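Heads up, the thing below is written out as structure tokens.
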Amino acid sequence: MSAHGPARPLTSRRAGPLTGTAAIPGDKSISHRSLILGALSVGETRVTGLLEGQDVLDTASAMRAFGAEVTRHSEGAWSIHGVGVGGFAEPDRVIDCGNSGTGVRLIMGAMATTPITATFTGDASLNGRPMGRVTDPISLFGAASYGRKGGRLPMTIVGAAQPVPVRYATPMPSAQVKSAVLLAGLNAPGQTVVIEAEATRDHSERMLAGFGAEITTEVTPEGRVITLTGQPELVAQTIAVPRDPSSAAFPVCAALIVEGSDVLIPNIGLNPTRAGLFTTLRDMGADLTYENERLEGGEPVADLRARFSDNMQGIEVPPERAPSMIDEYPILAVVAANATGTTVMRGVKELRVKESDRIDAMARGLEACGVRIEEDEDTLIVHGLGSGGVPGGATCATHLDHRIAMSFLVLGMTTVQPVTVDDAGAITTSFPIFETLMTDLGAQFSADADRVPA
Ligand code: S3P
């Protein structure tokens, strides 16, 4: 079973050139935050370009359960009547966050300093992921949590009746943890401080400032010190959600490795805390250009143009770049398999606690397709077979993980024999139009499990 029904196998076969223009949906991280911050504001927040993937729809339902009025007007156009900081009502039902680690962790933070109780659950993937990384810091504010062994969902959080502000150094590079602490800090008196040794995506900081919170970031020898003054009145905003660079990664990488391709992907956010993949691809020799570079809503944006690049070279990805491309390692591994030489990805153990263990999922699937892999707890090494050199001919397990499914479908566009994914269902969590968008560019997908044995 996939998250929302029976498993849906899908096969991808070597495609002709990919050509055309790809309109990518809204950014998932910013979409979640728009709903949550809108719900914590006074007045009506209006959002355009909201990603209507299942993860974000689950966050929208959750915000309704906490008392916000959330309305869909037309595709991507939503409004949220917020309840104000500290105004969350106690939900009268279990909050089901589906597949979304970002959704559940940010919402747990957002409710942790309000004296209400809420119970959270998710699908089999989410219920296997660690929540201690959020319940530890929210306990410092005074919240209590009761979950399964290992800090897993389903879990009940009892919000603090008299929250105290917190100073917290995140033990792992995680924007979700940072954001959960900042959202909890909203309803604590005084200053809440989060220190992160490595910079992770900074959408929460930017958006909290945009909603009127007093928040500063100082770069110090111990890392980025983010200070939030609690109990602000957040003011409703009008938000145009930029297009998601993590979704753009799939057609970009497909165009780079499918012979003869030339694809334009307009309007992609290039926030430096998100754009590590594009830098890495260019380091490998990709013909990837930024056209029409500009600033939109304070964020750097460009149109990406990706053309087939038949002599990309494997590289050692600088480990300090990992947080800025953490969701892109699976698709980078696919590019690496089509490059010449070895690509070394170190400092990536966070991949083991994503929607699946992404090091394991990519290693097993690539091996099944004939690619030599080395791995350890914190490392993935791919020995490239050169452009079009991957045999393929396997069925790859996706473990309810959208990015694993999309990565292997892109791989199948280049392989000698088709590649099947055991379940494409999870793709709807982040990129519901992936199949039509890729097919319009020239991809060949078929629903019959017609794989050719290796
Ligand atoms: C996200 C943060 C990242 C990322 C996830 C979205 C966010 O997770 O993998 O897809 O919106 O804050 P971590 O913060 O756990 O690395």
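Letters A, B, ... mark the chains of the structure tokens in the order given; residue numbers begin at 1 per chain; ligand numbers begin at 1, in order shown.
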Around ligand 1, out to 7 Å and counting only C-alpha atoms and all ligand atoms, which residues are there? I want them as a list in words.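 Result of the 7 Å neighbour search around ligand 1: Lys28, Ser29, Thr102, Pro173, Ser174, Ala175, Gln176, Val177, Ser179, Arg201, Pro323, Ile326, Asp327, Glu350 and Lys354 of chain A.
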List as a ChimeraX atom specification the protein and nucleic acid residues near Leu288 in chain A, meaning an atom at most 8 Å away when only C-alpha atoms are counted, but skip any in the same chain fewer than 6 places from it. /A:256,278,281-282,304-307
Expected answer as JSON, numbers by chain: strand (DSSP E) residues in range 289-366 of chain A: {"A": [289, 290, 291, 292, 293, 294, 295, 296, 299, 300, 301, 302, 303, 304, 305, 306, 307, 316, 317, 342, 343, 344, 345, 346]}
Need to verify the contact set: Ile138 in chain A, 8 Å, only C-alpha atoms, exclusion of same-chain residues closer than 6 positions in sequence. Can you return it as a list of chain:residue names?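 Contacts, in chain order: A:Gly109, A:Ala112, A:Ala144, A:Val181, A:Ala184.
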Between A:Gly67, A:Pro232, A:Gly388, A:Pro221, which one has atoms that come closest to Gly87 in chain A, using only C-alpha atoms?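 Selected residue with least distance to Gly87 in chain A: A:Gly67.
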Can you tell me which residues surround Asp96 in chain A at a distance of at most 6 Å, considering only C-alpha atoms, apart from same-chain residues fewer than 4 positions away, and format the answer as a list of chain:residue names? A:Phe120, A:Thr121, A:Gly122
Based on the selection just made, write all heavy atoms of those residues as a short mmCIF file (atom, residue, chain, number, x, y, z; two decimals), in the first residue's frame.
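Generated output (again.cif):
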```cif
data_model
loop_
_atom_site.label_atom_id
_atom_site.label_comp_id
_atom_site.auth_asym_id
_atom_site.auth_seq_id
_atom_site.Cartn_x
_atom_site.Cartn_y
_atom_site.Cartn_z
N PHE A 120 -0.73 13.63 17.32
CA PHE A 120 -0.27 13.64 15.93
C PHE A 120 -0.01 12.22 15.44
O PHE A 120 0.48 11.38 16.18
CB PHE A 120 1.04 14.43 15.81
CG PHE A 120 0.90 15.88 16.16
CD1 PHE A 120 1.04 16.32 17.47
CD2 PHE A 120 0.63 16.82 15.18
CE1 PHE A 120 0.91 17.66 17.80
CE2 PHE A 120 0.50 18.17 15.48
CZ PHE A 120 0.63 18.60 16.81
N THR A 121 -0.34 11.99 14.17
CA THR A 121 0.03 10.72 13.54
C THR A 121 0.38 11.00 12.08
O THR A 121 0.30 12.13 11.59
CB THR A 121 -1.11 9.69 13.67
OG1 THR A 121 -0.61 8.40 13.30
CG2 THR A 121 -2.31 10.02 12.79
N GLY A 122 0.79 9.92 11.38
CA GLY A 122 1.13 10.06 9.97
C GLY A 122 1.08 8.71 9.29
O GLY A 122 0.53 7.75 9.84
#
```
Interatomic distance between CA of Lys149 in chain A and CA of Ala180 in chain A?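 Answer for the CA of Lys149 in chain A to CA of Ala180 in chain A separation: 21.2 Å.
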Any idea what's packed within 8 Å of Met413 in chain A, counting only C-alpha atoms, ignoring anything in its chain fewer than 5 positions away? Could you give it as a ChimeraX atom specification? /A:12-15,254,258,418,443-444
How would the residues just chosen look if you wrote them out with N, CA and C atoms as a PDB file, in the first residue's frame?
```pdb
ATOM      1  N   SER A  12       9.764   3.701 -16.451  1.00  0.00           N
ATOM      2  CA  SER A  12      10.342   4.793 -17.237  1.00  0.00           C
ATOM      3  C   SER A  12      11.343   4.188 -18.203  1.00  0.00           C
ATOM      4  N   ARG A  13      11.271   4.607 -19.466  1.00  0.00           N
ATOM      5  CA  ARG A  13      12.197   4.044 -20.448  1.00  0.00           C
ATOM      6  C   ARG A  13      12.976   5.149 -21.137  1.00  0.00           C
ATOM      7  N   ARG A  14      14.069   4.742 -21.771  1.00  0.00           N
ATOM      8  CA  ARG A  14      14.962   5.710 -22.422  1.00  0.00           C
ATOM      9  C   ARG A  14      14.140   6.633 -23.317  1.00  0.00           C
ATOM     10  N   ALA A  15      14.298   7.920 -23.123  1.00  0.00           N
ATOM     11  CA  ALA A  15      13.460   8.899 -23.806  1.00  0.00           C
ATOM     12  C   ALA A  15      14.264   9.627 -24.865  1.00  0.00           C
ATOM     13  N   ALA A 254      17.215  15.689 -15.390  1.00  0.00           N
ATOM     14  CA  ALA A 254      16.820  14.855 -16.526  1.00  0.00           C
ATOM     15  C   ALA A 254      17.344  15.457 -17.821  1.00  0.00           C
ATOM     16  N   VAL A 258      19.728  13.355 -20.441  1.00  0.00           N
ATOM     17  CA  VAL A 258      19.031  12.742 -21.587  1.00  0.00           C
ATOM     18  C   VAL A 258      19.540  13.402 -22.871  1.00  0.00           C
ATOM     19  N   PRO A 418      14.467  -0.432 -19.358  1.00  0.00           N
ATOM     20  CA  PRO A 418      13.619   0.441 -18.525  1.00  0.00           C
ATOM     21  C   PRO A 418      13.826   0.228 -17.027  1.00  0.00           C
ATOM     22  N   ALA A 443       9.379  12.700 -21.641  1.00  0.00           N
ATOM     23  CA  ALA A 443       9.621  11.455 -20.898  1.00  0.00           C
ATOM     24  C   ALA A 443       8.626  10.384 -21.330  1.00  0.00           C
ATOM     25  N   GLN A 444       9.022   9.123 -21.178  1.00  0.00           N
ATOM     26  CA  GLN A 444       8.112   8.020 -21.506  1.00  0.00           C
ATOM     27  C   GLN A 444       7.894   7.155 -20.276  1.00  0.00           C
TER      28      GLN A 444
END
```
Based on the backbone DSSP call, show me all residues of range 66-130 of chain A assigned helix (DSSP H, G or I), as a list of chain:residue names.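 Selecting the helix (DSSP H, G or I) positions of range 66-130 of chain A gives A:Gly101, A:Thr102, A:Gly103, A:Val104, A:Arg105, A:Leu106, A:Ile107, A:Met108, A:Gly109, A:Ala110, A:Met111, A:Leu126, A:Asn127, A:Gly128.
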Do a neighbour search on Leu277 in chain A at 12 Å with only C-alpha atoms, toss out local chain neighbours closer than 2 positions, and write the hits as a VMD selection string. chain A and resid 245 to 250 252 to 253 270 to 275 279 to 284 286 288 317 to 318 321 to 333 335 345
Contacts of range 185-200 of chain A within 6 Å, only C-alpha atoms, excl. fewer than 6 positions in-chain, as a PyMOL selection string: chain A and resi 86+113+163-170+175+223-231+273+323
Next, write the just-selected residues to a file, as an mmCIF file, in the first residue's frame, keeping N, CA, C and O atoms as the atom set.
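Generated output (part_23.cif):
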```
data_model
loop_
_atom_site.group_PDB
_atom_site.id
_atom_site.type_symbol
_atom_site.label_atom_id
_atom_site.label_comp_id
_atom_site.auth_asym_id
_atom_site.auth_seq_id
_atom_site.Cartn_x
_atom_site.Cartn_y
_atom_site.Cartn_z
ATOM 1 N N GLY A 86 -0.593 32.415 20.162
ATOM 2 C CA GLY A 86 -1.208 31.951 21.409
ATOM 3 C C GLY A 86 -2.683 31.637 21.280
ATOM 4 O O GLY A 86 -3.320 31.223 22.241
ATOM 5 N N THR A 113 3.735 25.958 22.997
ATOM 6 C CA THR A 113 3.710 26.964 24.064
ATOM 7 C C THR A 113 2.300 27.529 24.269
ATOM 8 O O THR A 113 2.136 28.631 24.794
ATOM 9 N N PRO A 163 4.958 29.013 29.443
ATOM 10 C CA PRO A 163 6.214 28.775 28.733
ATOM 11 C C PRO A 163 7.324 29.743 29.151
ATOM 12 O O PRO A 163 7.045 30.894 29.488
ATOM 13 N N VAL A 164 8.533 29.218 29.085
ATOM 14 C CA VAL A 164 9.711 30.065 29.331
ATOM 15 C C VAL A 164 10.519 30.112 28.034
ATOM 16 O O VAL A 164 10.488 29.158 27.253
ATOM 17 N N PRO A 165 11.229 31.197 27.782
ATOM 18 C CA PRO A 165 12.029 31.238 26.551
ATOM 19 C C PRO A 165 13.238 30.312 26.653
ATOM 20 O O PRO A 165 13.628 29.926 27.748
ATOM 21 N N VAL A 166 13.802 29.987 25.523
ATOM 22 C CA VAL A 166 14.815 28.935 25.469
ATOM 23 C C VAL A 166 16.014 29.425 24.671
ATOM 24 O O VAL A 166 15.859 30.222 23.728
ATOM 25 N N ARG A 167 17.180 28.952 25.049
ATOM 26 C CA ARG A 167 18.388 29.129 24.218
ATOM 27 C C ARG A 167 18.807 27.735 23.799
ATOM 28 O O ARG A 167 19.071 26.885 24.654
ATOM 29 N N TYR A 168 18.836 27.454 22.512
ATOM 30 C CA TYR A 168 18.996 26.070 22.063
ATOM 31 C C TYR A 168 19.942 25.991 20.871
ATOM 32 O O TYR A 168 19.747 26.675 19.856
ATOM 33 N N ALA A 169 20.967 25.142 21.012
ATOM 34 C CA ALA A 169 21.870 24.874 19.886
ATOM 35 C C ALA A 169 21.392 23.593 19.212
ATOM 36 O O ALA A 169 21.333 22.535 19.859
ATOM 37 N N THR A 170 21.041 23.665 17.948
ATOM 38 C CA THR A 170 20.514 22.467 17.273
ATOM 39 C C THR A 170 21.643 21.430 17.148
ATOM 40 O O THR A 170 22.731 21.751 16.680
ATOM 41 N N ALA A 175 16.616 22.537 9.403
ATOM 42 C CA ALA A 175 15.727 23.703 9.366
ATOM 43 C C ALA A 175 14.408 23.387 10.057
ATOM 44 O O ALA A 175 13.744 24.284 10.592
ATOM 45 N N GLY A 223 28.493 29.830 15.124
ATOM 46 C CA GLY A 223 27.491 29.562 14.080
ATOM 47 C C GLY A 223 26.537 30.728 13.948
ATOM 48 O O GLY A 223 26.831 31.846 14.367
ATOM 49 N N ARG A 224 25.358 30.419 13.395
ATOM 50 C CA ARG A 224 24.350 31.471 13.228
ATOM 51 C C ARG A 224 23.499 31.547 14.492
ATOM 52 O O ARG A 224 22.913 30.539 14.904
ATOM 53 N N VAL A 225 23.452 32.713 15.082
ATOM 54 C CA VAL A 225 22.691 32.899 16.319
ATOM 55 C C VAL A 225 21.426 33.684 15.954
ATOM 56 O O VAL A 225 21.497 34.835 15.540
ATOM 57 N N ILE A 226 20.289 33.022 16.112
ATOM 58 C CA ILE A 226 19.017 33.619 15.691
ATOM 59 C C ILE A 226 18.231 33.969 16.940
ATOM 60 O O ILE A 226 17.985 33.101 17.788
ATOM 61 N N THR A 227 17.861 35.211 17.067
ATOM 62 C CA THR A 227 17.176 35.680 18.280
ATOM 63 C C THR A 227 15.789 36.192 17.910
ATOM 64 O O THR A 227 15.648 37.065 17.050
ATOM 65 N N LEU A 228 14.799 35.622 18.571
ATOM 66 C CA LEU A 228 13.399 35.988 18.312
ATOM 67 C C LEU A 228 12.794 36.564 19.587
ATOM 68 O O LEU A 228 12.910 35.957 20.664
ATOM 69 N N THR A 229 12.154 37.699 19.469
ATOM 70 C CA THR A 229 11.454 38.270 20.619
ATOM 71 C C THR A 229 10.037 37.723 20.649
ATOM 72 O O THR A 229 9.300 37.829 19.656
ATOM 73 N N GLY A 230 9.684 37.117 21.790
ATOM 74 C CA GLY A 230 8.408 36.407 21.889
ATOM 75 C C GLY A 230 7.198 37.330 21.974
ATOM 76 O O GLY A 230 7.313 38.528 22.215
ATOM 77 N N GLN A 231 6.061 36.708 21.759
ATOM 78 C CA GLN A 231 4.745 37.326 21.887
ATOM 79 C C GLN A 231 4.546 38.580 21.031
ATOM 80 O O GLN A 231 4.004 39.585 21.492
ATOM 81 N N THR A 273 20.607 29.135 0.615
ATOM 82 C CA THR A 273 20.426 28.006 1.534
ATOM 83 C C THR A 273 19.702 26.839 0.858
ATOM 84 O O THR A 273 19.456 25.812 1.483
ATOM 85 N N PRO A 323 23.698 20.956 3.788
ATOM 86 C CA PRO A 323 22.372 21.493 4.169
ATOM 87 C C PRO A 323 21.681 22.237 3.031
ATOM 88 O O PRO A 323 20.452 22.284 2.988
#
```
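Minimum atom-to-atom distance to Asn311 in chain A, evaluated using only C-alpha atoms, belongs to A:Glu259 out of A:Glu233, A:Glu90, A:Asp244, A:Glu259.
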A:Ala397, A:Ile381, A:Ile257, A:Ala23: which is nearest Ala339 in chain A, counting only C-alpha atoms?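 Answer, going by the shortest atom-to-atom distance: A:Ile257.
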